[in-house]
Amino acid sequence: MEVKIGVQHAPREIVLETELSAEELEKAVTDALTGKSQLLSLTDTKGRKVLVPTDRLSYVDIGEPSTRKVGFGAL
């Protein structure tokens, strides 16, 4: 699942691929915004962790589930 996170006062958005479902992502964002945690914490498909302070969140765009790409494209 592709996730785009907008951060206040940052010129670029954070884009990552995660194995979480849309429901799990929505719950994580909701928990962060309702004050249950002060950080939005997500882990991408390569095991890297992204932490964003909830007071700096501008938007979270939850995309479509990613499909496996087949072909001779650039790696």
# chains A, B, ... in the order shown; residues from 1 in each chain; ligands from 1
call {"tool": "residues_around", "arguments": {"residues": "Val50 in chain A", "least_positions_apart": "5", "cutoff": "10 Å", "atoms": "only C-alpha atoms", "output": "ChimeraX atom specification"}}
result
/A:14,16,39-44
call {"tool": "residues_around", "arguments": {"residues": "range 55-63 of chain A", "least_positions_apart": "4", "cutoff": "10 Å", "atoms": "only C-alpha atoms", "output": "JSON, numbers by chain"}}
result
{"A": [1, 2, 3, 4, 5, 6, 7, 8, 9, 10, 13, 14, 15, 17, 21, 22, 23, 25, 26, 29, 32, 33, 35, 38, 39, 40]}
call {"tool": "write_last_selection", "arguments": {"atoms": "N, CA, C and O atoms", "output": "tab-separated table (two decimals), in the first residue's frame"}}
result
chain	number	residue	atom	x	y	z
A	1	MET	N	0.84	-1.16	0.00
A	1	MET	CA	0.00	0.00	0.00
A	1	MET	C	0.90	1.24	0.00
A	1	MET	O	1.83	1.33	0.79
A	2	GLU	N	0.64	2.16	-0.91
A	2	GLU	CA	1.42	3.39	-0.98
A	2	GLU	C	0.80	4.43	-0.05
A	2	GLU	O	-0.41	4.61	-0.03
A	3	VAL	N	1.65	5.11	0.72
A	3	VAL	CA	1.21	6.14	1.66
A	3	VAL	C	2.01	7.41	1.38
A	3	VAL	O	3.23	7.36	1.25
A	4	LYS	N	1.31	8.54	1.27
A	4	LYS	CA	1.95	9.84	1.11
A	4	LYS	C	1.59	10.66	2.34
A	4	LYS	O	0.41	10.79	2.67
A	5	ILE	N	2.60	11.23	2.97
A	5	ILE	CA	2.40	12.01	4.19
A	5	ILE	C	2.89	13.42	3.95
A	5	ILE	O	4.06	13.64	3.61
A	6	GLY	N	2.00	14.38	4.13
A	6	GLY	CA	2.37	15.78	4.04
A	6	GLY	C	2.77	16.29	5.41
A	6	GLY	O	2.08	16.03	6.40
A	7	VAL	N	3.89	16.99	5.48
A	7	VAL	CA	4.40	17.52	6.74
A	7	VAL	C	4.46	19.04	6.64
A	7	VAL	O	4.97	19.58	5.65
A	8	GLN	N	3.92	19.71	7.66
A	8	GLN	CA	3.93	21.17	7.67
A	8	GLN	C	5.37	21.69	7.62
A	8	GLN	O	6.27	21.13	8.25
A	9	HIS	N	5.57	22.77	6.90
A	9	HIS	CA	6.87	23.45	6.77
A	9	HIS	C	7.93	22.58	6.11
A	9	HIS	O	9.12	22.80	6.30
A	10	ALA	N	7.52	21.56	5.36
A	10	ALA	CA	8.45	20.72	4.60
A	10	ALA	C	8.08	20.83	3.13
A	10	ALA	O	6.90	20.71	2.79
A	13	GLU	N	6.70	15.82	0.25
A	13	GLU	CA	5.95	14.86	1.04
A	13	GLU	C	6.77	13.59	1.23
A	13	GLU	O	7.72	13.33	0.49
A	14	ILE	N	6.41	12.80	2.24
A	14	ILE	CA	7.05	11.52	2.49
A	14	ILE	C	6.23	10.46	1.77
A	14	ILE	O	5.02	10.40	1.94
A	15	VAL	N	6.87	9.64	0.96
A	15	VAL	CA	6.19	8.57	0.22
A	15	VAL	C	6.83	7.25	0.63
A	15	VAL	O	8.05	7.12	0.60
A	17	GLU	N	6.05	2.68	0.82
A	17	GLU	CA	5.25	1.48	0.58
A	17	GLU	C	5.23	0.69	1.87
A	17	GLU	O	6.27	0.48	2.49
A	21	SER	N	-2.68	-2.89	5.84
A	21	SER	CA	-3.92	-2.70	5.08
A	21	SER	C	-4.40	-1.26	5.25
A	21	SER	O	-3.92	-0.53	6.13
A	22	ALA	N	-5.36	-0.85	4.45
A	22	ALA	CA	-5.91	0.50	4.55
A	22	ALA	C	-6.53	0.73	5.92
A	22	ALA	O	-6.41	1.82	6.50
A	23	GLU	N	-7.19	-0.28	6.47
A	23	GLU	CA	-7.82	-0.16	7.79
A	23	GLU	C	-6.77	0.02	8.88
A	23	GLU	O	-6.95	0.83	9.80
A	25	LEU	N	-3.73	1.26	8.50
A	25	LEU	CA	-3.16	2.60	8.32
A	25	LEU	C	-4.08	3.67	8.89
A	25	LEU	O	-3.64	4.59	9.57
A	26	GLU	N	-5.36	3.55	8.58
A	26	GLU	CA	-6.32	4.53	9.08
A	26	GLU	C	-6.36	4.53	10.61
A	26	GLU	O	-6.43	5.58	11.23
A	29	VAL	N	-3.23	6.36	11.94
A	29	VAL	CA	-3.34	7.81	11.78
A	29	VAL	C	-4.36	8.37	12.77
A	29	VAL	O	-4.12	9.40	13.41
A	32	ALA	N	-2.92	8.53	16.22
A	32	ALA	CA	-1.96	9.62	16.34
A	32	ALA	C	-2.67	10.97	16.46
A	32	ALA	O	-2.28	11.82	17.26
A	33	LEU	N	-3.73	11.16	15.69
A	33	LEU	CA	-4.41	12.45	15.69
A	33	LEU	C	-5.32	12.66	16.91
A	33	LEU	O	-5.59	13.79	17.28
A	35	GLY	N	-4.52	11.83	19.89
A	35	GLY	CA	-3.69	12.06	21.06
A	35	GLY	C	-3.25	10.81	21.78
A	35	GLY	O	-2.64	10.90	22.85
A	38	GLN	N	2.10	10.64	20.35
A	38	GLN	CA	2.57	11.92	19.83
A	38	GLN	C	3.30	11.79	18.51
A	38	GLN	O	3.68	12.79	17.92
A	39	LEU	N	3.49	10.55	18.06
A	39	LEU	CA	4.17	10.30	16.79
A	39	LEU	C	3.34	9.36	15.94
A	39	LEU	O	2.73	8.41	16.44
A	40	LEU	N	3.33	9.62	14.64
A	40	LEU	CA	2.80	8.66	13.68
A	40	LEU	C	3.99	7.80	13.28
A	40	LEU	O	4.97	8.30	12.74
call {"tool": "select_by_dssp", "arguments": {"residues": "chain A", "states": "strand (DSSP E or B)", "output": "list of chain:residue names"}}
result
A:Glu2, A:Val3, A:Lys4, A:Ile5, A:Gly6, A:Val7, A:Ile14, A:Val15, A:Leu16, A:Glu17, A:Leu39, A:Leu40, A:Ser41, A:Leu42, A:Thr43, A:Lys49, A:Val50, A:Leu51, A:Val52, A:Pro53, A:Leu57, A:Ser58, A:Tyr59, A:Val60, A:Asp61, A:Ile62
call {"tool": "write_last_selection", "arguments": {"atoms": "N, CA, C and O atoms", "output": "CSV table (one decimal), in the first residue's frame"}}
result
chain,number,residue,atom,x,y,z
A,2,GLU,N,0.6,2.2,-0.9
A,2,GLU,CA,1.4,3.4,-1.0
A,2,GLU,C,0.8,4.4,0.0
A,2,GLU,O,-0.4,4.6,0.0
A,3,VAL,N,1.7,5.1,0.7
A,3,VAL,CA,1.2,6.1,1.7
A,3,VAL,C,2.0,7.4,1.4
A,3,VAL,O,3.2,7.4,1.3
A,4,LYS,N,1.3,8.5,1.3
A,4,LYS,CA,1.9,9.8,1.1
A,4,LYS,C,1.6,10.7,2.3
A,4,LYS,O,0.4,10.8,2.7
A,5,ILE,N,2.6,11.2,3.0
A,5,ILE,CA,2.4,12.0,4.2
A,5,ILE,C,2.9,13.4,3.9
A,5,ILE,O,4.1,13.6,3.6
A,6,GLY,N,2.0,14.4,4.1
A,6,GLY,CA,2.4,15.8,4.0
A,6,GLY,C,2.8,16.3,5.4
A,6,GLY,O,2.1,16.0,6.4
A,7,VAL,N,3.9,17.0,5.5
A,7,VAL,CA,4.4,17.5,6.7
A,7,VAL,C,4.5,19.0,6.6
A,7,VAL,O,5.0,19.6,5.7
A,14,ILE,N,6.4,12.8,2.2
A,14,ILE,CA,7.1,11.5,2.5
A,14,ILE,C,6.2,10.5,1.8
A,14,ILE,O,5.0,10.4,1.9
A,15,VAL,N,6.9,9.6,1.0
A,15,VAL,CA,6.2,8.6,0.2
A,15,VAL,C,6.8,7.3,0.6
A,15,VAL,O,8.1,7.1,0.6
A,16,LEU,N,6.0,6.3,1.0
A,16,LEU,CA,6.5,5.0,1.4
A,16,LEU,C,5.5,3.9,1.0
A,16,LEU,O,4.3,4.1,0.9
A,17,GLU,N,6.1,2.7,0.8
A,17,GLU,CA,5.3,1.5,0.6
A,17,GLU,C,5.2,0.7,1.9
A,17,GLU,O,6.3,0.5,2.5
A,39,LEU,N,3.5,10.6,18.1
A,39,LEU,CA,4.2,10.3,16.8
A,39,LEU,C,3.3,9.4,15.9
A,39,LEU,O,2.7,8.4,16.4
A,40,LEU,N,3.3,9.6,14.6
A,40,LEU,CA,2.8,8.7,13.7
A,40,LEU,C,4.0,7.8,13.3
A,40,LEU,O,5.0,8.3,12.7
A,41,SER,N,3.9,6.5,13.6
A,41,SER,CA,5.0,5.6,13.3
A,41,SER,C,4.6,4.6,12.3
A,41,SER,O,3.6,3.8,12.5
A,42,LEU,N,5.3,4.5,11.1
A,42,LEU,CA,5.0,3.5,10.1
A,42,LEU,C,6.3,2.9,9.7
A,42,LEU,O,7.3,3.5,9.7
A,43,THR,N,6.2,1.6,9.3
A,43,THR,CA,7.4,0.9,8.8
A,43,THR,C,7.1,0.5,7.3
A,43,THR,O,6.0,0.0,7.0
A,49,LYS,N,11.8,2.6,9.4
A,49,LYS,CA,10.7,3.2,10.2
A,49,LYS,C,10.7,4.7,10.0
A,49,LYS,O,11.7,5.3,10.0
A,50,VAL,N,9.4,5.2,9.8
A,50,VAL,CA,9.2,6.6,9.6
A,50,VAL,C,8.4,7.1,10.8
A,50,VAL,O,7.4,6.6,11.1
A,51,LEU,N,8.9,8.2,11.4
A,51,LEU,CA,8.3,8.8,12.6
A,51,LEU,C,8.0,10.2,12.2
A,51,LEU,O,8.9,11.0,11.9
A,52,VAL,N,6.7,10.6,12.4
A,52,VAL,CA,6.3,12.0,12.1
A,52,VAL,C,5.6,12.5,13.3
A,52,VAL,O,4.6,11.9,13.8
A,53,PRO,N,6.0,13.7,13.9
A,53,PRO,CA,5.2,14.3,15.0
A,53,PRO,C,3.8,14.6,14.6
A,53,PRO,O,3.6,15.2,13.5
A,57,LEU,N,1.6,17.0,11.1
A,57,LEU,CA,0.9,16.3,10.0
A,57,LEU,C,0.0,17.3,9.3
A,57,LEU,O,-0.7,18.0,9.9
A,58,SER,N,0.2,17.3,8.0
A,58,SER,CA,-0.7,18.1,7.2
A,58,SER,C,-1.8,17.2,6.5
A,58,SER,O,-2.9,17.6,6.5
A,59,TYR,N,-1.4,16.1,5.9
A,59,TYR,CA,-2.3,15.2,5.3
A,59,TYR,C,-1.7,13.8,5.2
A,59,TYR,O,-0.4,13.7,5.3
A,60,VAL,N,-2.5,12.8,5.1
A,60,VAL,CA,-2.1,11.4,4.9
A,60,VAL,C,-2.9,10.9,3.7
A,60,VAL,O,-4.1,10.8,3.8
A,61,ASP,N,-2.3,10.5,2.6
A,61,ASP,CA,-2.9,10.0,1.5
A,61,ASP,C,-2.7,8.5,1.4
A,61,ASP,O,-1.5,8.0,1.2
A,62,ILE,N,-3.7,7.7,1.6
A,62,ILE,CA,-3.6,6.2,1.5
A,62,ILE,C,-4.0,5.8,0.1
A,62,ILE,O,-5.2,6.0,-0.3
call {"tool": "atom_distance", "arguments": {"atom1": "CA of Thr45 in chain A", "atom2": "CA of Glu64 in chain A"}}
result
15.2 Å
call {"tool": "select_by_dssp", "arguments": {"residues": "chain A", "states": "alpha helix (DSSP H)", "output": "number ranges by chain"}}
result
A: 22-33
call {"tool": "write_last_selection", "arguments": {"atoms": "all heavy atoms", "output": "PDB file, in the first residue's frame"}}
result
ATOM      1  N   ALA A  22      -5.363  -0.855   4.450  1.00  0.00           N
ATOM      2  CA  ALA A  22      -5.910   0.500   4.546  1.00  0.00           C
ATOM      3  C   ALA A  22      -6.532   0.725   5.915  1.00  0.00           C
ATOM      4  O   ALA A  22      -6.411   1.816   6.497  1.00  0.00           O
ATOM      5  CB  ALA A  22      -6.935   0.732   3.446  1.00  0.00           C
ATOM      6  N   GLU A  23      -7.188  -0.281   6.472  1.00  0.00           N
ATOM      7  CA  GLU A  23      -7.816  -0.160   7.786  1.00  0.00           C
ATOM      8  C   GLU A  23      -6.774   0.017   8.884  1.00  0.00           C
ATOM      9  O   GLU A  23      -6.953   0.829   9.799  1.00  0.00           O
ATOM     10  CB  GLU A  23      -8.692  -1.385   8.090  1.00  0.00           C
ATOM     11  CG  GLU A  23      -9.916  -1.506   7.210  1.00  0.00           C
ATOM     12  CD  GLU A  23      -9.606  -2.100   5.835  1.00  0.00           C
ATOM     13  OE1 GLU A  23      -8.576  -2.797   5.678  1.00  0.00           O
ATOM     14  OE2 GLU A  23     -10.388  -1.835   4.899  1.00  0.00           O
ATOM     15  N   GLU A  24      -5.663  -0.722   8.801  1.00  0.00           N
ATOM     16  CA  GLU A  24      -4.601  -0.594   9.792  1.00  0.00           C
ATOM     17  C   GLU A  24      -3.936   0.773   9.708  1.00  0.00           C
ATOM     18  O   GLU A  24      -3.621   1.374  10.739  1.00  0.00           O
ATOM     19  CB  GLU A  24      -3.563  -1.700   9.592  1.00  0.00           C
ATOM     20  CG  GLU A  24      -4.074  -3.092   9.915  1.00  0.00           C
ATOM     21  CD  GLU A  24      -3.115  -4.185   9.486  1.00  0.00           C
ATOM     22  OE1 GLU A  24      -2.468  -4.038   8.420  1.00  0.00           O
ATOM     23  OE2 GLU A  24      -3.027  -5.177  10.223  1.00  0.00           O
ATOM     24  N   LEU A  25      -3.733   1.263   8.495  1.00  0.00           N
ATOM     25  CA  LEU A  25      -3.157   2.601   8.322  1.00  0.00           C
ATOM     26  C   LEU A  25      -4.080   3.674   8.886  1.00  0.00           C
ATOM     27  O   LEU A  25      -3.636   4.593   9.570  1.00  0.00           O
ATOM     28  CB  LEU A  25      -2.898   2.877   6.841  1.00  0.00           C
ATOM     29  CG  LEU A  25      -1.698   2.192   6.235  1.00  0.00           C
ATOM     30  CD1 LEU A  25      -1.713   2.337   4.727  1.00  0.00           C
ATOM     31  CD2 LEU A  25      -0.427   2.762   6.802  1.00  0.00           C
ATOM     32  N   GLU A  26      -5.365   3.550   8.583  1.00  0.00           N
ATOM     33  CA  GLU A  26      -6.324   4.533   9.083  1.00  0.00           C
ATOM     34  C   GLU A  26      -6.362   4.531  10.610  1.00  0.00           C
ATOM     35  O   GLU A  26      -6.430   5.582  11.227  1.00  0.00           O
ATOM     36  CB  GLU A  26      -7.707   4.227   8.521  1.00  0.00           C
ATOM     37  CG  GLU A  26      -8.727   5.283   8.863  1.00  0.00           C
ATOM     38  CD  GLU A  26     -10.075   5.036   8.201  1.00  0.00           C
ATOM     39  OE1 GLU A  26     -10.179   4.151   7.342  1.00  0.00           O
ATOM     40  OE2 GLU A  26     -11.017   5.757   8.570  1.00  0.00           O
ATOM     41  N   LYS A  27      -6.286   3.368  11.224  1.00  0.00           N
ATOM     42  CA  LYS A  27      -6.292   3.282  12.681  1.00  0.00           C
ATOM     43  C   LYS A  27      -5.042   3.940  13.264  1.00  0.00           C
ATOM     44  O   LYS A  27      -5.113   4.662  14.258  1.00  0.00           O
ATOM     45  CB  LYS A  27      -6.387   1.838  13.144  1.00  0.00           C
ATOM     46  CG  LYS A  27      -6.462   1.698  14.661  1.00  0.00           C
ATOM     47  CD  LYS A  27      -6.570   0.265  15.086  1.00  0.00           C
ATOM     48  CE  LYS A  27      -6.652   0.064  16.570  1.00  0.00           C
ATOM     49  NZ  LYS A  27      -6.067   1.034  17.440  1.00  0.00           N
ATOM     50  N   ALA A  28      -3.872   3.701  12.643  1.00  0.00           N
ATOM     51  CA  ALA A  28      -2.625   4.303  13.122  1.00  0.00           C
ATOM     52  C   ALA A  28      -2.686   5.826  13.044  1.00  0.00           C
ATOM     53  O   ALA A  28      -2.279   6.532  13.974  1.00  0.00           O
ATOM     54  CB  ALA A  28      -1.442   3.777  12.326  1.00  0.00           C
ATOM     55  N   VAL A  29      -3.225   6.358  11.945  1.00  0.00           N
ATOM     56  CA  VAL A  29      -3.339   7.808  11.778  1.00  0.00           C
ATOM     57  C   VAL A  29      -4.360   8.371  12.772  1.00  0.00           C
ATOM     58  O   VAL A  29      -4.120   9.399  13.413  1.00  0.00           O
ATOM     59  CB  VAL A  29      -3.721   8.165  10.327  1.00  0.00           C
ATOM     60  CG1 VAL A  29      -4.039   9.643  10.190  1.00  0.00           C
ATOM     61  CG2 VAL A  29      -2.609   7.768   9.374  1.00  0.00           C
ATOM     62  N   THR A  30      -5.481   7.699  12.930  1.00  0.00           N
ATOM     63  CA  THR A  30      -6.510   8.156  13.869  1.00  0.00           C
ATOM     64  C   THR A  30      -5.985   8.164  15.292  1.00  0.00           C
ATOM     65  O   THR A  30      -6.222   9.116  16.043  1.00  0.00           O
ATOM     66  CB  THR A  30      -7.761   7.255  13.769  1.00  0.00           C
ATOM     67  OG1 THR A  30      -8.242   7.289  12.426  1.00  0.00           O
ATOM     68  CG2 THR A  30      -8.857   7.724  14.704  1.00  0.00           C
ATOM     69  N   ASP A  31      -5.264   7.112  15.687  1.00  0.00           N
ATOM     70  CA  ASP A  31      -4.680   7.064  17.026  1.00  0.00           C
ATOM     71  C   ASP A  31      -3.698   8.215  17.243  1.00  0.00           C
ATOM     72  O   ASP A  31      -3.668   8.818  18.315  1.00  0.00           O
ATOM     73  CB  ASP A  31      -3.963   5.732  17.263  1.00  0.00           C
ATOM     74  CG  ASP A  31      -4.928   4.572  17.426  1.00  0.00           C
ATOM     75  OD1 ASP A  31      -6.146   4.815  17.594  1.00  0.00           O
ATOM     76  OD2 ASP A  31      -4.462   3.412  17.394  1.00  0.00           O
ATOM     77  N   ALA A  32      -2.923   8.527  16.224  1.00  0.00           N
ATOM     78  CA  ALA A  32      -1.960   9.624  16.344  1.00  0.00           C
ATOM     79  C   ALA A  32      -2.669  10.970  16.461  1.00  0.00           C
ATOM     80  O   ALA A  32      -2.280  11.821  17.261  1.00  0.00           O
ATOM     81  CB  ALA A  32      -1.019   9.627  15.148  1.00  0.00           C
ATOM     82  N   LEU A  33      -3.725  11.157  15.686  1.00  0.00           N
ATOM     83  CA  LEU A  33      -4.413  12.453  15.691  1.00  0.00           C
ATOM     84  C   LEU A  33      -5.315  12.659  16.907  1.00  0.00           C
ATOM     85  O   LEU A  33      -5.592  13.792  17.277  1.00  0.00           O
ATOM     86  CB  LEU A  33      -5.223  12.619  14.406  1.00  0.00           C
ATOM     87  CG  LEU A  33      -4.398  12.756  13.134  1.00  0.00           C
ATOM     88  CD1 LEU A  33      -5.305  12.828  11.914  1.00  0.00           C
ATOM     89  CD2 LEU A  33      -3.503  13.980  13.203  1.00  0.00           C
TER      90      LEU A  33
END
call {"tool": "decode", "arguments": {"residues": "range 40-51 of chain A", "atoms": "all heavy atoms", "output": "PDB file, in the first residue's frame"}}
result
ATOM      1  N   LEU A  40       3.331   9.623  14.637  1.00  0.00           N
ATOM      2  CA  LEU A  40       2.804   8.664  13.685  1.00  0.00           C
ATOM      3  C   LEU A  40       3.988   7.801  13.276  1.00  0.00           C
ATOM      4  O   LEU A  40       4.971   8.296  12.736  1.00  0.00           O
ATOM      5  CB  LEU A  40       2.209   9.361  12.460  1.00  0.00           C
ATOM      6  CG  LEU A  40       1.781   8.447  11.317  1.00  0.00           C
ATOM      7  CD1 LEU A  40       0.686   7.492  11.774  1.00  0.00           C
ATOM      8  CD2 LEU A  40       1.318   9.263  10.127  1.00  0.00           C
ATOM      9  N   SER A  41       3.915   6.516  13.558  1.00  0.00           N
ATOM     10  CA  SER A  41       5.010   5.598  13.304  1.00  0.00           C
ATOM     11  C   SER A  41       4.568   4.557  12.282  1.00  0.00           C
ATOM     12  O   SER A  41       3.608   3.825  12.521  1.00  0.00           O
ATOM     13  CB  SER A  41       5.424   4.909  14.605  1.00  0.00           C
ATOM     14  OG  SER A  41       6.365   3.908  14.361  1.00  0.00           O
ATOM     15  N   LEU A  42       5.271   4.505  11.142  1.00  0.00           N
ATOM     16  CA  LEU A  42       4.988   3.530  10.093  1.00  0.00           C
ATOM     17  C   LEU A  42       6.288   2.870   9.666  1.00  0.00           C
ATOM     18  O   LEU A  42       7.349   3.496   9.666  1.00  0.00           O
ATOM     19  CB  LEU A  42       4.341   4.206   8.885  1.00  0.00           C
ATOM     20  CG  LEU A  42       3.001   4.886   9.102  1.00  0.00           C
ATOM     21  CD1 LEU A  42       2.571   5.627   7.845  1.00  0.00           C
ATOM     22  CD2 LEU A  42       1.944   3.873   9.500  1.00  0.00           C
ATOM     23  N   THR A  43       6.199   1.598   9.272  1.00  0.00           N
ATOM     24  CA  THR A  43       7.355   0.858   8.785  1.00  0.00           C
ATOM     25  C   THR A  43       7.111   0.490   7.332  1.00  0.00           C
ATOM     26  O   THR A  43       6.043  -0.010   6.982  1.00  0.00           O
ATOM     27  CB  THR A  43       7.570  -0.423   9.617  1.00  0.00           C
ATOM     28  OG1 THR A  43       7.691  -0.059  10.996  1.00  0.00           O
ATOM     29  CG2 THR A  43       8.826  -1.150   9.185  1.00  0.00           C
ATOM     30  N   ASP A  44       8.113   0.770   6.482  1.00  0.00           N
ATOM     31  CA  ASP A  44       7.941   0.473   5.060  1.00  0.00           C
ATOM     32  C   ASP A  44       8.297  -0.979   4.756  1.00  0.00           C
ATOM     33  O   ASP A  44       8.673  -1.739   5.653  1.00  0.00           O
ATOM     34  CB  ASP A  44       8.730   1.449   4.186  1.00  0.00           C
ATOM     35  CG  ASP A  44      10.227   1.260   4.239  1.00  0.00           C
ATOM     36  OD1 ASP A  44      10.705   0.372   4.967  1.00  0.00           O
ATOM     37  OD2 ASP A  44      10.932   1.986   3.526  1.00  0.00           O
ATOM     38  N   THR A  45       8.167  -1.372   3.504  1.00  0.00           N
ATOM     39  CA  THR A  45       8.383  -2.762   3.101  1.00  0.00           C
ATOM     40  C   THR A  45       9.838  -3.205   3.236  1.00  0.00           C
ATOM     41  O   THR A  45      10.114  -4.390   3.276  1.00  0.00           O
ATOM     42  CB  THR A  45       7.933  -2.991   1.646  1.00  0.00           C
ATOM     43  OG1 THR A  45       8.616  -2.067   0.801  1.00  0.00           O
ATOM     44  CG2 THR A  45       6.439  -2.828   1.500  1.00  0.00           C
ATOM     45  N   LYS A  46      10.778  -2.257   3.323  1.00  0.00           N
ATOM     46  CA  LYS A  46      12.195  -2.593   3.472  1.00  0.00           C
ATOM     47  C   LYS A  46      12.634  -2.588   4.927  1.00  0.00           C
ATOM     48  O   LYS A  46      13.806  -2.757   5.227  1.00  0.00           O
ATOM     49  CB  LYS A  46      13.055  -1.613   2.672  1.00  0.00           C
ATOM     50  CG  LYS A  46      12.803  -1.703   1.180  1.00  0.00           C
ATOM     51  CD  LYS A  46      13.657  -0.736   0.426  1.00  0.00           C
ATOM     52  CE  LYS A  46      13.340  -0.843  -1.070  1.00  0.00           C
ATOM     53  NZ  LYS A  46      14.131   0.102  -1.843  1.00  0.00           N
ATOM     54  N   GLY A  47      11.692  -2.356   5.847  1.00  0.00           N
ATOM     55  CA  GLY A  47      11.998  -2.385   7.271  1.00  0.00           C
ATOM     56  C   GLY A  47      12.399  -1.056   7.869  1.00  0.00           C
ATOM     57  O   GLY A  47      12.704  -0.975   9.056  1.00  0.00           O
ATOM     58  N   ARG A  48      12.398   0.005   7.063  1.00  0.00           N
ATOM     59  CA  ARG A  48      12.733   1.328   7.588  1.00  0.00           C
ATOM     60  C   ARG A  48      11.531   1.916   8.309  1.00  0.00           C
ATOM     61  O   ARG A  48      10.393   1.777   7.858  1.00  0.00           O
ATOM     62  CB  ARG A  48      13.173   2.261   6.462  1.00  0.00           C
ATOM     63  CG  ARG A  48      14.476   1.831   5.836  1.00  0.00           C
ATOM     64  CD  ARG A  48      14.844   2.733   4.709  1.00  0.00           C
ATOM     65  NE  ARG A  48      13.922   2.462   3.607  1.00  0.00           N
ATOM     66  CZ  ARG A  48      14.112   2.838   2.371  1.00  0.00           C
ATOM     67  NH1 ARG A  48      15.164   3.546   2.071  1.00  0.00           N
ATOM     68  NH2 ARG A  48      13.247   2.533   1.432  1.00  0.00           N
ATOM     69  N   LYS A  49      11.781   2.582   9.422  1.00  0.00           N
ATOM     70  CA  LYS A  49      10.708   3.172  10.215  1.00  0.00           C
ATOM     71  C   LYS A  49      10.662   4.672   9.975  1.00  0.00           C
ATOM     72  O   LYS A  49      11.691   5.342   9.966  1.00  0.00           O
ATOM     73  CB  LYS A  49      10.920   2.887  11.700  1.00  0.00           C
ATOM     74  CG  LYS A  49       9.748   3.305  12.566  1.00  0.00           C
ATOM     75  CD  LYS A  49       9.880   2.760  13.950  1.00  0.00           C
ATOM     76  CE  LYS A  49       9.180   1.423  13.931  1.00  0.00           C
ATOM     77  NZ  LYS A  49       8.689   1.011  15.219  1.00  0.00           N
ATOM     78  N   VAL A  50       9.443   5.194   9.776  1.00  0.00           N
ATOM     79  CA  VAL A  50       9.224   6.623   9.580  1.00  0.00           C
ATOM     80  C   VAL A  50       8.427   7.136  10.770  1.00  0.00           C
ATOM     81  O   VAL A  50       7.368   6.598  11.094  1.00  0.00           O
ATOM     82  CB  VAL A  50       8.447   6.880   8.265  1.00  0.00           C
ATOM     83  CG1 VAL A  50       8.128   8.352   8.117  1.00  0.00           C
ATOM     84  CG2 VAL A  50       9.229   6.381   7.080  1.00  0.00           C
ATOM     85  N   LEU A  51       8.940   8.166  11.422  1.00  0.00           N
ATOM     86  CA  LEU A  51       8.270   8.784  12.568  1.00  0.00           C
ATOM     87  C   LEU A  51       7.977  10.237  12.239  1.00  0.00           C
ATOM     88  O   LEU A  51       8.877  10.984  11.855  1.00  0.00           O
ATOM     89  CB  LEU A  51       9.153   8.710  13.820  1.00  0.00           C
ATOM     90  CG  LEU A  51       9.595   7.325  14.259  1.00  0.00           C
ATOM     91  CD1 LEU A  51      10.646   7.418  15.341  1.00  0.00           C
ATOM     92  CD2 LEU A  51       8.411   6.526  14.742  1.00  0.00           C
TER      93      LEU A  51
END
